[in-house]
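**Student:** Mind looking over this structure? Questions follow.
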Amino acid sequence: MKNRLVAKILYEVAELLELQGVQFKPRAYRRAAQAVESSPFPVEDLAAQGRLEELPGVGASIATKIEEIVATGRLGYHEELKEALPVDLYALTRVEGVGPKTAKVLYETLGIRTLDDLERAAREGRIRQVPGLGVKTEERILRGIAEAKGREHRELLGYVLPLARDLVRKLASSGLFQRLEPAGSLRRGKETVGDLDILAVSDRPDQAVAAFLGLSEVEQILAQGPKKASVRLSGGFQVDLRVVPREAFGAALQYFTGSKEHNIRLRERAVARGLKLSEYGLFTEHGQVVAQATEEEIYEALGLVWVPPELREDQGEIAAAERRALPQLLTLQEVRSDLHVHTRWSDGTMDLGSLVRQAERRGLEYVAATDHLRFAQAIPGLSLDDLRRQVDEIQALKEGKPSVQVLAGVEANIGPDGAVDVPRELRLRLDWVVAGVHTHFRQGRAEMTRRLLRAVEEEAVDALAHPTGRLLGERAPYEADWDEVFRLAAQCGTALEVNANPQRLDLPPELIRRALEFGVKLALGTDAHAPEHLDFLEYGVIAARRGWAEAAHVLNTLPLERFLPARKR
DNA sequence: GCCGTTTTCGGCCCGACTGTTTTCAGTCG
């Protein structure tokens, strides 16, 4: 997968062009870079298939350049541009406060080419001597470097969402707020969140900000003013509170929810209609308010239906909103079961009785016990005999007409060659079989694809568990030809799991959307190992929503009597 | 360089903050 490399070079071309004062091209290159970066498909595949121009913002010229990078790892045009400014612009401009113009001045006056050069110059007090820069800038650069080094520090949705709810609850209890709403990437349901933006309306802004700064979780106050305060919590996570005018709350919520790309499209749309959109509202060119109180009004005034935050990524949602063809996104209430749960029979903490109670408490109608076999010495798991005994126990449980039905299931392991470790005769006795890759992650793309295809095709393998194997912040997804996997899965009726564990969220949303295009069915499961993990279902729903999923795409929105015949067999 | 309910040519997103300035460029979100 060369997407990162291509994106990096295109970004740098954008910066270099910007430096030369070239108009508009930087934006074009940046947009193309973003498209490449966020595409789930390897650029080398798109190049081989002649489909590069399907990426938004990529035209004939940039497509040719991408092909060159894919083929040679370099771009002649990029290198020509670099001769004028032979510095590591990509790294330098990632430092907060350093943009292309500053980087150029630093190179011309101090010969700074790399991040190390920059750090040395800042430490030695040479930056303050550059005309136009000063002591403050030098300090900011030093802080920025420290920051850049420890960056990529994003927290999991599963950490930030409960945190945000807790903070909002505490602030609300002060009685100082009329409204409190988390915005930003959290509201969009991104799998990881860099910082938290909370929007507020208060008729006593000073006291409201003071209440925020006084929260017990606050470790350090980074900035404070009448409208905005920033803090770092113990644990290092940054939270901003913005007090916004009541009458413009909708405009502020829209603006601060983003994404940046989605908002740019909206503002372009406003301009096309002779209007102007900002965080204060939608205005005529004479400054008259067209819409500002609610998001719905703003979208409507732009000829769109309201777009759910999870879709606001500039991935076609605006065109769909214009045609009034947005999906009816899945909701948590529509999900009737959890299709991936571990019990004491393997490495979980729940016995079947407590699993039933936990599921009932959450309003589920059925739940699948999917323990795994003892495939690795280190991990507790079932023997085949254990599994047969568990099936018997679940059968006995079913006869007692429990409030929540338990499905006899298993999480089978997919071996390096694609063979599944639970024999076919036993799988056929089970209600629900998920199969996943747990070892040999580093196979090449072709081998991994063959392996997954074989498992997908197996009889009585109902779903592919955590299909890409990614662990957010720890392990990249393994590579496979997902189009091939989805095509076969749709054909065989094998579902793809949306594993709701916040560290996995796998399938990832981009691939969920792709899978749905092939007609693949989804199966939500939490991979719970303890009672509280059943709450993860909400994260799976959010991921599915980001993948444009509707209830009809998800097997476990069906009542049990319709779910059973909807399985592969 | 890209793209199309304003267009195959002529457009291309907005506001605030910061630091270093005597009036604004650069950067950020």
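A note on labels: chains of the structure tokens are A, B, ... as shown, every chain counts residues from 1, and ligands are counted from 1 in their shown order.
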What are the residues of chain A that have an atom within 6 Å of an atom of chain B, counting only C-alpha atoms (C1' of nucleotides), as a PDB file with N, CA and C atoms, in the first residue's frame?
**Tutor:**
```pdb
ATOM      1  N   LYS A  25      -3.137  25.889  -7.460  1.00  0.00           N
ATOM      2  CA  LYS A  25      -2.604  24.533  -7.607  1.00  0.00           C
ATOM      3  C   LYS A  25      -2.352  23.869  -6.252  1.00  0.00           C
ATOM      4  N   ALA A  28      -5.321  22.163  -5.192  1.00  0.00           N
ATOM      5  CA  ALA A  28      -5.629  20.987  -6.000  1.00  0.00           C
ATOM      6  C   ALA A  28      -4.782  19.788  -5.550  1.00  0.00           C
ATOM      7  N   ILE A 264     -15.876  22.818   3.895  1.00  0.00           N
ATOM      8  CA  ILE A 264     -15.418  23.550   2.708  1.00  0.00           C
ATOM      9  C   ILE A 264     -16.440  23.384   1.586  1.00  0.00           C
ATOM     10  N   ARG A 267     -19.386  25.591   2.272  1.00  0.00           N
ATOM     11  CA  ARG A 267     -19.137  27.028   2.055  1.00  0.00           C
ATOM     12  C   ARG A 267     -19.072  27.346   0.570  1.00  0.00           C
TER      13      ARG A 267
END
```
**Student:** Excluding region 450-457 of chain A and its own-chain neighbours fewer than 5 positions away, which residues fall within 9 Å of it when counting only C-alpha atoms (C1' of nucleotides)? Please give them as a short mmCIF file (atom, residue, chain, number, x, y, z; two decimals) with N, CA and C atoms, in the first residue's frame.
**Tutor:**
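Below is the file that was written, part.cif:
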```cif
data_model
loop_
_atom_site.label_atom_id
_atom_site.label_comp_id
_atom_site.auth_asym_id
_atom_site.auth_seq_id
_atom_site.Cartn_x
_atom_site.Cartn_y
_atom_site.Cartn_z
N ILE A 414 -8.94 -19.22 11.63
CA ILE A 414 -8.58 -19.48 10.23
C ILE A 414 -7.07 -19.70 10.16
N GLY A 415 -6.68 -20.89 9.82
CA GLY A 415 -5.25 -21.20 9.75
C GLY A 415 -4.56 -20.49 8.60
N PRO A 416 -3.24 -20.61 8.54
CA PRO A 416 -2.46 -19.90 7.51
C PRO A 416 -2.91 -20.25 6.09
N ASP A 417 -3.46 -21.43 5.91
CA ASP A 417 -3.88 -21.83 4.56
C ASP A 417 -5.38 -21.61 4.34
N GLY A 418 -6.05 -21.04 5.33
CA GLY A 418 -7.47 -20.77 5.17
C GLY A 418 -8.37 -21.86 5.75
N ALA A 419 -7.75 -22.93 6.25
CA ALA A 419 -8.56 -24.00 6.85
C ALA A 419 -9.09 -23.53 8.20
N VAL A 420 -10.30 -23.98 8.53
CA VAL A 420 -10.97 -23.56 9.75
C VAL A 420 -10.82 -24.66 10.80
N ALA A 435 -15.53 -16.86 12.08
CA ALA A 435 -14.16 -17.35 11.89
C ALA A 435 -13.25 -16.16 11.66
N GLY A 436 -12.11 -16.18 12.33
CA GLY A 436 -11.21 -15.05 12.21
C GLY A 436 -9.76 -15.46 12.13
N VAL A 437 -8.94 -14.53 11.64
CA VAL A 437 -7.50 -14.73 11.57
C VAL A 437 -6.88 -14.28 12.89
N ARG A 445 -0.18 -10.06 0.49
CA ARG A 445 -1.54 -9.74 0.10
C ARG A 445 -2.23 -10.89 -0.65
N ASP A 462 -20.47 -18.66 9.20
CA ASP A 462 -21.53 -17.67 8.98
C ASP A 462 -20.99 -16.26 8.81
N ALA A 463 -19.85 -15.99 9.44
CA ALA A 463 -19.33 -14.62 9.36
C ALA A 463 -17.82 -14.63 9.53
N LEU A 464 -17.21 -13.63 8.91
CA LEU A 464 -15.77 -13.43 9.05
C LEU A 464 -15.57 -12.45 10.21
N PRO A 467 -12.47 -8.67 10.33
CA PRO A 467 -11.91 -9.07 9.04
C PRO A 467 -10.53 -8.53 8.69
N ALA A 480 -5.28 -7.29 1.89
CA ALA A 480 -5.98 -8.32 1.12
C ALA A 480 -6.73 -7.61 0.01
N GLU A 484 -12.36 -8.70 -3.82
CA GLU A 484 -12.53 -10.14 -4.07
C GLU A 484 -13.24 -10.80 -2.90
N VAL A 485 -12.80 -10.47 -1.69
CA VAL A 485 -13.41 -11.06 -0.50
C VAL A 485 -14.89 -10.69 -0.43
N LEU A 488 -17.05 -12.56 -3.11
CA LEU A 488 -17.34 -13.95 -2.77
C LEU A 488 -18.27 -14.05 -1.56
N ALA A 489 -18.07 -13.17 -0.58
CA ALA A 489 -18.91 -13.21 0.61
C ALA A 489 -20.37 -12.94 0.24
N CYS A 492 -21.69 -16.10 -1.51
CA CYS A 492 -21.92 -17.25 -0.64
C CYS A 492 -22.90 -16.96 0.48
N GLY A 493 -23.11 -15.68 0.77
CA GLY A 493 -23.97 -15.34 1.90
C GLY A 493 -23.23 -15.29 3.22
N THR A 494 -21.90 -15.23 3.18
CA THR A 494 -21.14 -15.11 4.41
C THR A 494 -21.15 -13.65 4.85
N ALA A 495 -21.49 -13.43 6.12
CA ALA A 495 -21.54 -12.06 6.62
C ALA A 495 -20.14 -11.57 6.98
#
```
**Student:** Which of region 252-449 of chain A end up as alpha helix (DSSP H) when DSSP is run on this backbone - answer as an MDAnalysis selection string?
**Tutor:** chainID A and resid 252:257 260:272 295:301 317:322 352:361 384:399 424:429 445:449
**Student:** List as a list in words the protein and nucleic acid residues near His466 (chain A), meaning an atom at most 9 Å away when only C-alpha atoms (C1' of nucleotides) are counted, but skip any in the same chain fewer than 3 places from it.
**Tutor:**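 Those residues are Ala435, Gly436, Val437, Gly469, Arg470, Leu496, Glu497, Val498, Asn499, Arg504, Leu505, Asp506 and Leu507 of chain A.
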**Student:** Enter the distance from CA of Leu364 (chain A) to CA of Ser337 (chain A), in Å, rounded to one decimal.
**Tutor:**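 Here the two named atoms are 5.2 Å from each other.
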**Student:** Excluding region 315-331 of chain A and its own-chain neighbours fewer than 3 positions away, which residues fall within 9 Å of it when counting only C-alpha atoms (C1' of nucleotides)? Please give them as a ChimeraX atom specification.
**Tutor:** /A:56,262,265-266,299,302-308,311-312,334-335,538,541-542,544-546,548-554
**Student:** Between CA of Glu297 (chain A) and CA of Leu241 (chain A), what is the spacing in Å?
**Tutor:**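 Taking CA of Leu241 (chain A) as the start and CA of Glu297 (chain A) as the end point, the length is 24.2 Å.
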**Student:** Pick out each residue of region 274-442 of chain A that DSSP on the backbone tags as strand (DSSP E or B); I need them as a count of residues only.
**Tutor:** 40
**Student:** Looking at A:Glu67, A:Glu425, A:Asp371, A:Glu155, which one is nearest to Lys190 (chain A), with distances taken over only C-alpha atoms?
**Tutor:** A:Glu155
**Student:** By how many Å are CA of Gln405 (chain A) and CA of Leu426 (chain A) apart?
**Tutor:**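 That distance, rounded to one decimal, is 20.2 Å.
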**Student:** So which residues touch region 209-224 of chain A within 12 Å, counting only C-alpha atoms (C1' of nucleotides), skipping near sequence neighbours fewer than 2 positions away, as a PyMOL selection string?
**Tutor:** chain A and resi 163-164+166-177+180+198-207+226-244
**Student:** Find the residues around region 112-118 of chain A up to 10 Å (only C-alpha atoms (C1' of nucleotides) counted), leave out those fewer than 2 positions away in its own chain, and share them as a PyMOL selection string.
**Tutor:** chain A and resi 85-95+103-110+120-124+126-127+138+141-142+145+148
**Student:** Write a file of the selected residues as a tab-separated table (two decimals), in the first residue's frame, keeping C-alpha atoms.
**Tutor:**
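After the write, out.tsv holds the following:
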```
chain	number	residue	atom	x	y	z
A	85	LEU	CA	14.12	24.66	-1.58
A	86	PRO	CA	15.92	21.44	-0.68
A	87	VAL	CA	14.37	20.96	2.77
A	88	ASP	CA	12.19	18.43	4.50
A	89	LEU	CA	9.12	20.61	4.18
A	90	TYR	CA	6.76	17.85	5.17
A	91	ALA	CA	8.36	17.41	8.57
A	92	LEU	CA	9.00	21.12	9.14
A	93	THR	CA	5.47	22.23	8.38
A	94	ARG	CA	4.08	19.64	10.71
A	95	VAL	CA	5.54	21.70	13.55
A	103	ALA	CA	10.23	27.25	6.43
A	104	LYS	CA	11.52	29.13	3.41
A	105	VAL	CA	12.77	32.07	5.47
A	106	LEU	CA	14.45	29.68	7.89
A	107	TYR	CA	16.23	27.92	5.07
A	108	GLU	CA	17.36	31.13	3.41
A	109	THR	CA	18.64	32.77	6.58
A	110	LEU	CA	19.82	29.85	8.71
A	120	ARG	CA	19.15	23.01	17.18
A	121	ALA	CA	18.61	26.54	15.87
A	122	ALA	CA	15.73	27.11	18.27
A	123	ARG	CA	17.74	25.84	21.24
A	124	GLU	CA	20.65	28.03	20.33
A	126	ARG	CA	19.15	31.75	16.47
A	127	ILE	CA	15.53	31.85	15.35
A	138	GLU	CA	11.17	30.52	18.83
A	141	ILE	CA	8.65	26.22	17.65
A	142	LEU	CA	10.37	24.42	20.51
A	145	ILE	CA	8.75	20.15	18.04
A	148	ALA	CA	5.28	16.77	16.97
```
